[in-house]
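In what follows, a structure is listed as structure tokens, so that the remarks can point back to it.
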4 protein chains.
Amino acid sequence: MLARQGIVDSNTASALKRAINELDSTLKIPEEIPEGVEDLFFFYEKQLELLVGEKAGSLHTARSRNDMDATVFRLYVRKLMVSLMKQMLSITKTLSDKIKRSREQLLVLYTHGQPAQVSTLAHYLSSFLLEFLEGLEGLCASMKVVNQCPLGAAAITTTGFNIDRQLVSDLLGFDRPVPNSYQAIVTSHWLTYPSMWLKSILNDITRLMADMGHKASCEVGMLIFPDKLVQVSSIMPQKRNPVIIEHIRIQSGMAAGNFQSLIDLFHNVPYQDVNEVADAPVTSFTRGYETFSGLLELLEETLLEVSVDKQRVNDIAISTGTTTTELADELVRREAISFRTAHTVTSAYVKSGYSFEALRRKFSELVGRALNMSDLELTNVLSPAHFVQIREIPGGPSASAMESLIHLIEERTEAIADSLFRLVEDVAESEKRLSVEFNGLG
Amino acid sequence: MLARQGIVDSNTASALKRAINELDSTLKIPEEIPEGVEDLFFFYEKQLELLVGEKAGSLHTARSRNDMDATVFRLYVRKLMVSLMKQMLSITKTLSDKIKRSREQLLVLYTHGQPAQVSTLAHYLSSFLLEFLEGLEGLCASMKVVNQCPLGAAAITTTGFNIDRQLVSDLLGFDRPVPNSYQAIVTSHWLTYPSMWLKSILNDITRLMADMGHKASCEVGMLIFPDKLVQVSSIMPQKRNPVIIEHIRIQSGMAAGNFQSLIDLFHNVPYQDVNEVADAPVTSFTRGYETFSGLLELLEETLLEVSVDKQRVNDIAISTGTTTTELADELVRREAISFRTAHTVTSAYVKSGYSFEALRRKFSELVGRALNMSDLELTNVLSPAHFVQIREIPGGPSASAMESLIHLIEERTEAIADSLFRLVEDVAESEKRLSVEFNGLG
Amino acid sequence: MLARQGIVDSNTASALKRAINELDSTLKIPEEIPEGVEDLFFFYEKQLELLVGEKAGSLHTARSRNDMDATVFRLYVRKLMVSLMKQMLSITKTLSDKIKRSREQLLVLYTHGQPAQVSTLAHYLSSFLLEFLEGLEGLCASMKVVNQCPLGAAAITTTGFNIDRQLVSDLLGFDRPVPNSYQAIVTSHWLTYPSMWLKSILNDITRLMADMGHKASCEVGMLIFPDKLVQVSSIMPQKRNPVIIEHIRIQSGMAAGNFQSLIDLFHNVPYQDVNEVADAPVTSFTRGYETFSGLLELLEETLLEVSVDKQRVNDIAISTGTTTTELADELVRREAISFRTAHTVTSAYVKSGYSFEALRRKFSELVGRALNMSDLELTNVLSPAHFVQIREIPGGPSASAMESLIHLIEERTEAIADSLFRLVEDVAESEKRLSVEFNGLG
Amino acid sequence: MLARQGIVDSNTASALKRAINELDSTLKIPEEIPEGVEDLFFFYEKQLELLVGEKAGSLHTARSRNDMDATVFRLYVRKLMVSLMKQMLSITKTLSDKIKRSREQLLVLYTHGQPAQVSTLAHYLSSFLLEFLEGLEGLCASMKVVNQCPLGAAAITTTGFNIDRQLVSDLLGFDRPVPNSYQAIVTSHWLTYPSMWLKSILNDITRLMADMGHKASCEVGMLIFPDKLVQVSSIMPQKRNPVIIEHIRIQSGMAAGNFQSLIDLFHNVPYQDVNEVADAPVTSFTRGYETFSGLLELLEETLLEVSVDKQRVNDIAISTGTTTTELADELVRREAISFRTAHTVTSAYVKSGYSFEALRRKFSELVGRALNMSDLELTNVLSPAHFVQIREIPGGPSASAMESLIHLIEERTEAIADSLFRLVEDVAESEKRLSVEFNGLG
């Protein structure tokens with residue numbers, strides 16, 4: 001770029017090119033920076049000087065370690081984010097498939113720790129998947145903030161040289177240059193925005209784990225896992241401890257702590273170029289990334305392998321009366337009575353210990369005529385499967401409602417995948433172009 | 001909607017309409033819920049029953065307190081968010097105007113607490129404004145998550161009645177129904193997403209305050225405020241304490257704490273319908289909102305009223321040699337020497353106590369010929385105004401670079417304003433339509 | 001004190017005394033501070049001036065609003081802390097009594113969400129009580145930091161007047177003056193130390209709630225509550241939702257957030273007199289206090305009313321084989337075989353579906369002789385009650401081990417109660433003495 | 001202990017002793033746990049079995065991996081805490097010495113970012129030292145919670161074997177066994193209590209850094225550092241950037257984040273044996289420890305090397321009128337006028353631009369007679385040195401007041417040092433005793 005803009009003459013440019021090529025193949029990065037050299041940057045410049053003499057300095061024209069650092073860190077964070085987003089997309093696909101396969105698998109869902117209503121594993125998992133997608137979409141949006149190029153900001157105010165920031169940004173696969181040079185050096189957003197999204201996603205994961213842990217506990221036993229995900233007591237074969245869930249909870253808490261600390265780090269820090277946007281926090285981001293990535297693997301395995309114990313679901317559904325609200329609704333629809341009356345009739349049925357006789361008696365008493373439904377019809381209305389099938393309006397667990405939901409999920413997943421794919425392509429493209437430009441320096 | 005869908009017959013619907021109208025004009029909400037009535041909801045239903053008898057129950061068809069609560073809370077959070085976003089837009093406009101007016105006002109910017117380079121007040125403030133806009137854009141995006149309608153989710157799995165969730169969503173000014181009914185009741189995102197954005201924006205504000213506080217301190221004295229924003233000591237007229245900055249810092253810390261606590265509240269909470277998405281956290285959100293709104297007023301005043309002490313800026317700029325890097329750059333450009341050589345020459349100049357003689361001597365010594373610049377030219381190159389003018393590449397502080405930046409800021413502001421305006425319009429529209437629908441019930 | 005030290009003459013002192021007495025009975029604190037008066041302090045001084053003229057100013061000798069504020073805030077925090085500590089002591093006593101009454105009530109305890117071993121309600125609750133006491137002891141220790149008197153620090157460096165800080169400290173019931181006058185004004189510890197302890201105690205409470213919630217869930221059902229603490233479904237009498245536990249969890253999370261935000265507020269705040277130690281944070285401390293106090297009431301009720309469902313405990317204890325490790329241990333002791341051998345024998349017993357026959361067979365096979373225990377002996381060894389009784393070493397659940405533990409708890413509770421009682425007495429004493437001193441001013 | 005208590009016979013005990021000795025000298029811990037072996041513990045037991053056969057199992061009598069883990073982690077945390085406490089004591093001594101040497105070094109102290117009053121470096125540093133000691137005392141107190149022995153708790157309820165928990169606790173240098181066996185396994189306090197104290201101390205350090213950074217900035221320039229602690233610009237010799245202060249701030253923020261995350265990790269975690277008290281959090285504690293330890297070194301260096309620029313202090317003290325309040329006080333004392341009158345007179349003096357003439361005029365006007373002080377007396381009263389000398393009451397900066405304060409600091413430091421020394425001795429003693437016991441096994 002310096003050559004293109006006429007800032008560095010072509011002789012110097014090609015000398016630098018040759019020297020850089022040579023250093024690429026010969027230079028060994030020393031374990032420790034030699035005495036008297038401030039940092040790796042100066043070490044490299046010195047090596048360059050040995051090869052091309054005074055011209056080495058030209059490479060640093062219109063540049064500062066400030067904008068170089070900011071750029072390198074953003075490239076690095078971008079790489080980690082791409083990696084996490086790919087992994088999250090993979091989970092999204094795993095989970096989508098799982099949802100498709102589990103639309104008929106009934107599951108009792110809870111409110112405030114109590115069995116509430118019958119639904120399906122697909123309905124439950126798709127709820128979480130939507131949370132997960134909202135987090136991923138947020139992360140995707142924060143990539144727009146991260147993927148801006150600080151180069152050309154120099155120390156903080158750009159430079160008097162007529163450099164081409166757009167070209168440099170393009171060659172490094174950035175969306176665009178950071179629009180204000182001071183912001184380019186000073187902002188924390190490339191670190192704090194991904195951190196806050198990752199923390200948010202992790203918090204959602206802890207919620208799912210708390211709930212799945214309960215559903216998989218030996219007393220509830222509706223969710224089951226294959227042996228490989230379960231710690232089995234050598235002495236107590238009936239104890240099947242889904243430790244994987246506990247591990248995900250802890251790793252989520254640890255990683256969330258890492259990301260939270262990066263946000264809190266900036267509280268009351270002067271709006272200047274500060275070392276809070278330097279090595280130490282980036283290292284901590286890496287730690288959070290590694291923990292997060294590890295637990296995502298566990299999460300994918302967990303979601304892939306979890307299945308439902310039909311018998312337990314049916315037992316809990318029936319014994320806790322989770323389908324009786326549907327009986328009340330059906331009475332409203334069929335018998336054209338008010339919701340409160342239907343509720344009273346149903347209540348009498350439950351209190352009697354599920355006696356149809358009691359139900360019919362209460363109905364006659366309140367409505368003044370006999371109930372128009374056979375025992376078989378009543379039984380059918382009260383069945384868990386019916387409870388699910390009849391919930392056909394958008395958002396519900398029935399097959400038809402789930403159809404649209406799955407479609408929506410696929411659309412949104414595709415949008416994210418497209419955007420990520422384009423980014424990865426752009427970066428690859430820019431690397432090629434950079435190489436061409438560099439080799440073209442004569 | 002219940003009438004439209006044939007779930008409630010038209011007689012019942014019009015009876016309910018009349019009763020609701022009557023209660024609207026006559027019912028007094030009691031200070032305390034009477035003994036034996038569980039909550040305000042049941043109290044209202046009882047009053048309705050006194051007027052229309054058993055039919056009152058029909059109003060609750062296909063509805064649950066779960067989805068009603070979730071809806072009311074989202075409407076409320078939406079209202080507070082709209083209010084904050086309007087206030088933030090107002091600051092954005094104030095700040096844009098200020099930036100336009102202060103493009104020529106030089107200001108020394110710092111790195112790591114030390115004077116670094118000359119820029120302008122406009123360049124500095126526009127950097128913060130971009131941070132602020134990024135936060136506001138994030139908040140705007142989170143509105144898409146908040147502004148979804150839970151109604152129709154009923155308890156957690158929708159209902160067997162053929163209700164029209166889209167219509168209800170439209171009549172309440174929502175973007176769309178929450179796509180999954182379980183998520184509609186269980187998600188924390190309508191509370192945690194705005195919270196995390198507001199916390200992030202507040203953190204940015206604490207950074208600006210830490211920096212402006214330093215620039216306005218009596219020893220630095222580059223930023224000044226009118227008397228009304230300053231605490232003047234009755235005994236020490238020269239002490240002008242910009243307490244407003246300290247107040248903004250503290251209020252930001254307090255509000256950030258409020259929003260952070262709402263995020264942390266959900267750690268390890270079961271992914272079920274829980275009371276964490278109920279009154280207590282919403283109250284806490286309100287507190288954060290009030291504090292935030294209050295400090296935004298102070299912030300707007302601060303940004304509007306701050307001005308620059310030209311003399312102090314010039315003194316600091318010159319005495320700390322913040323323009324000498326420009327001399328080095330100019331030597332590179334005019335004299336076609338490498339950056340390192342120019343740096344050494346400039347360094348000799350600074351160490352000599354700013355003697356042009358020493359500069360010329362070093363130049364001759366290293367380059368082997370006399371320097372081609374007059375003293376006047378050198379003085380001009382070293383002037384703070386020149387330092388700014390020559391930084392014309394995008395992102396820099398020169399008038400031309402700022403022109404494009406202001407344009408970009410205006411574009412982005414308009415996009416946010418449009419989106420907010422459309423939302424406010426939609427809500428107003430939906431209220432009218434709701435009223436028409438209701439009155440049309442015969 | 002000013003009169004005692006000869007700083008103010010006795011005429012002035014008695015005039016001030018009379019004026020203050022008059023204002024005490026006549027002055028109404030205005031809703032709003034009148035125009036032109038900076039704050040309540042100046043308003044009061046003005047009223048005093050109307051009564052005694054120029055002498056009013058003498059009252060402020062050797063005093064500053066800085067040390068007055070710091071003192072008033074500490075007195076206030078001390079009052080709230082005393083109130084919380086009393087409430088916590090009350091819970092401690094309730095819980096001690098409960099523990100004494102529940103030493104025989106068996107309870108299955110869990111590890112990693114799985115039933116692990118039989119213990120007693122007393123053993124379980126005493127574990128939590130020890131956590132609670134550790135927190136209360138910490139809070140007590142932090143009172144030593146809070147209960148120091150800032151007065152005499154004046155603005156930040158004391159005064160040239162020969163005041164008696166010890167006397168003032170004594171008259172206000174403080175332990176001692178803050179040893180360094182700068183620290184007296186600048187420190188955050190009187191706010192942050194109690195906050196961090198209260199947050200820690202609240203975190204412990206969330207852990208207990210998560211665990212008790214599980215033990216009280218309808219699937220586990222070992223812990224039961226009376227009707228008044230349970231939300232009963234009108235339609236589903238068997239659903240008994242212990243909402244109180246959820247409420248405590250949420251309130252704990254909210255209050256913990258309040259206290260945490262007070263700690264985080266001070267991050268990177270200059271070590272100077274700052275407004276972070278002023279009204280706003282103290283208000284937030286009050287909110288945390290109120291929420292905490294409210295949930296402590298719920299907690300006391302919960303711990304008082306919880307009881308054990310013996311049958312469920314026995315069922316879970318037996319069906320999950322929680323006592324079989326005791327069989328292995330008994331084999332080691334009686335039959336002098338190694339732990340691993342005993343473990344293998346026991347394992348064979350469990351895998352056989354609890355057949356003594358299988359047990360005897362495996363024993364003979366491995367040890368080379370018949371097992372020396374009758375079926376009755378085996379049954380007894382495997383009984384939950386035996387499992388508890390034999391755990392007699394310190395820290396265990398047996399009656400004798402619990403005896404010492406209860407003794408220890410009582411000793412520690414008494415130490416806290418004594419220290420709190422002494423503080424309350426000292427404060428009452430100092431108030432009397434202050435009144436005597438004041439009235440003695442002639 | 002097992003042998004002493006007759007739980008393991010003497011033959012087995014001595015066989016185990018010999019085998020353990022052999023393994024100590026020959027066993028290599030493998031990089032990876034071999035396939036089929038669950039963890040390091042089982043690996044070791046297997047090796048033991050190869051040497052002594054079935055008896056190897058006896059070693060595990062009355063023991064569980066639960067209490068073994070809990071014990072090892074506490075021993076480890078104790079070691080790290082001792083190390084940090086030693087380092088903090090070292091800083092305390094460095095700072096005490098510094099304080100003694102800097103009692104005459106005047107320094108202007110600030111309130112709300114403005115110069116307020118003159119004091120000394122010793123007064124300022126001793127204020128921080130008291131904060132630091134309060135933190136260290138808290139950490140010391142939390143050692144009492146950490147240094148309790150979980151062994152004998154077995155899984156969670158102790159054991160039926162008659163083991164001697166007190167002996168084991170003594171042999172490992174613990175204060176005492178954890179009093180309740182369930183708590184021994186379940187509590188988080190050995191991790192969260194030190195964490196919360198370390199976070200609190202770190203927060204105090206960030207406050208000091210924010211303030212020292214300001215006092216050392218080039219515009220204020222009252223605090224100065226030797227070259228080795230300062231980043232000097234090669235080109236701008238007058239810029240002396242105390243980067244060490246920024247580094248301490250960042251490292252403090254990072255370490256505080258580590259410790260905070262350990263506290264937050266436990267929010268809503270069931271009060272059971274959970275993996276939150278296992279490897280992952282302990283690793284994170286180690287990271288926080290390392291960062292903390294590193295920054296304590298920087299802090300010690302900073303406090304040791306900081307000095308005062310007398311001329312700058314005097315300039316700021318005089319030019320901002322920081323001593324004029326003393327003039328007002330002196331007028332009250334000498335001339336027996338009220339504080340408000342003295343204040344008005346002094347105010348006239350300041351507003352006149354420090355003219356004694358104006359002062360005398362105002363005095364006569366208000367008091368009705370001439371002022372009884374010569375110009376020399378006035379000058380003396382207004383001198384910074386006098387301002388400090390006259391502040392002789394406890395807590396103030398004068399030499400005599402500092403004398404008592406230094407004494408107090410030494411007493412408190414000694415108390416901490418004694419307690420730490422005793423702990424270290426006890427641990428060393430117990431190690432010897434353990435070795436004797438072990439070797440005595442025949």
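Each chain of the structure tokens is named A, B, ... in the order shown, its residues numbered from 1; ligands are numbered from 1 in display order.
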
Hey, could you make a per-residue contact list for chain D against chain C with 6 Å as the cut-off, showing the nearest pair of atoms and its distance in Å to one decimal, counting only C-alpha atoms, sorted by chain and number, as CSV?
```
residue,atom,partner,partner_atom,distance
D:Gly57,CA,C:Arg340,CA,5.2
D:Ser58,CA,C:Ser338,CA,5.5
D:Thr111,CA,C:Asp273,CA,4.7
D:His112,CA,C:Val274,CA,5.3
D:Ser127,CA,C:Gln183,CA,5.0
D:Thr157,CA,C:Gly396,CA,5.4
D:Thr158,CA,C:Gly396,CA,5.4
D:Thr159,CA,C:Arg391,CA,5.4
D:Gly160,CA,C:Arg391,CA,4.8
D:Pro179,CA,C:Gly395,CA,5.1
D:Asn180,CA,C:Gly395,CA,4.0
D:Ser181,CA,C:Gly395,CA,4.7
D:Gln183,CA,C:Ser127,CA,5.0
D:Asn203,CA,C:His267,CA,5.5
D:Thr206,CA,C:Asn268,CA,4.9
D:Arg207,CA,C:Tyr271,CA,4.7
D:Leu208,CA,C:Tyr271,CA,5.1
D:Ala210,CA,C:Pro270,CA,4.7
D:Asp211,CA,C:Pro270,CA,4.6
D:His267,CA,C:Asn203,CA,5.5
D:Asn268,CA,C:Thr206,CA,4.9
D:Val269,CA,C:Arg207,CA,5.1
D:Pro270,CA,C:Asp211,CA,4.6
D:Tyr271,CA,C:Arg207,CA,4.7
D:Gln272,CA,C:Thr111,CA,5.6
D:Asp273,CA,C:Thr111,CA,4.7
D:Val274,CA,C:His112,CA,5.3
D:Ser338,CA,C:Ser58,CA,5.5
D:Phe339,CA,C:Gly57,CA,5.3
D:Arg340,CA,C:Gly57,CA,5.2
D:Ile390,CA,C:Gly160,CA,5.1
D:Arg391,CA,C:Gly160,CA,4.8
D:Gly395,CA,C:Asn180,CA,4.0
D:Gly396,CA,C:Thr157,CA,5.4
```

Legend entry - Close residues, Arg287 (chain B) itself excluded, 12 Å, only C-alpha atoms, min 2 positions apart in chain, as a ChimeraX atom specification: /B:80,195,251,254-259,261-262,280-285,289-294 /C:258,283-284,287

Inset, instruction - Provide the CA of Ala358 (chain C) to CA of Phe42 (chain D) distance in Å, to one decimal place. - result: 27.0 Å

Inset, instruction - Please give the complete set of residues from region 130-299 of chain B that DSSP, run on the backbone, assigns to helix (DSSP H, G or I), formatted as a PyMOL selection string. - result: chain B and resi 130-146+165-171+181-186+189-216+227-229+243-264+275-277+279-299

Legend entry - Point-to-point distance from CA of Met143 (chain A) to CA of Glu425 (chain A), Å rounded to tenths: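 Atom-to-atom, CA of Met143 (chain A) and CA of Glu425 (chain A) are spaced 14.9 Å apart.
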
Inset, instruction - Mind checking which residues fall within 9 Å of Gly321 (chain B), counting only C-alpha atoms, ignoring those fewer than 4 positions away in the same chain, and posting them as a list of chain:residue names? - result: B:Pro115, B:Ala116, B:Gln117, B:Ile316, B:Ala317, B:Thr325, B:Val350, B:Tyr354, B:Leu382, D:Ile235, D:Met236

Legend entry - Exercise: Ser374 (chain B) partners within 12 Å, only C-alpha atoms, chain neighbours under 6 positions left out, as a list in words: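 Here the qualifying residues turn out to be Phe356, Glu357, Leu359, Arg360, Asn380 and Val381 of chain B.
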
Inset, instruction - For region 434-441 of chain C, work out the shell of residues within 9 Å, counting only C-alpha atoms and skipping chain neighbours fewer than 2 positions away, then give it as a list in words. - result: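 Final neighbour list, sorted by chain and number: Met1, Ala3, Ser10, Ala13, Ser14, Lys17, Asp170, Leu171, Leu172, Glu429, Ser430, Glu431 and Lys432 of chain C.
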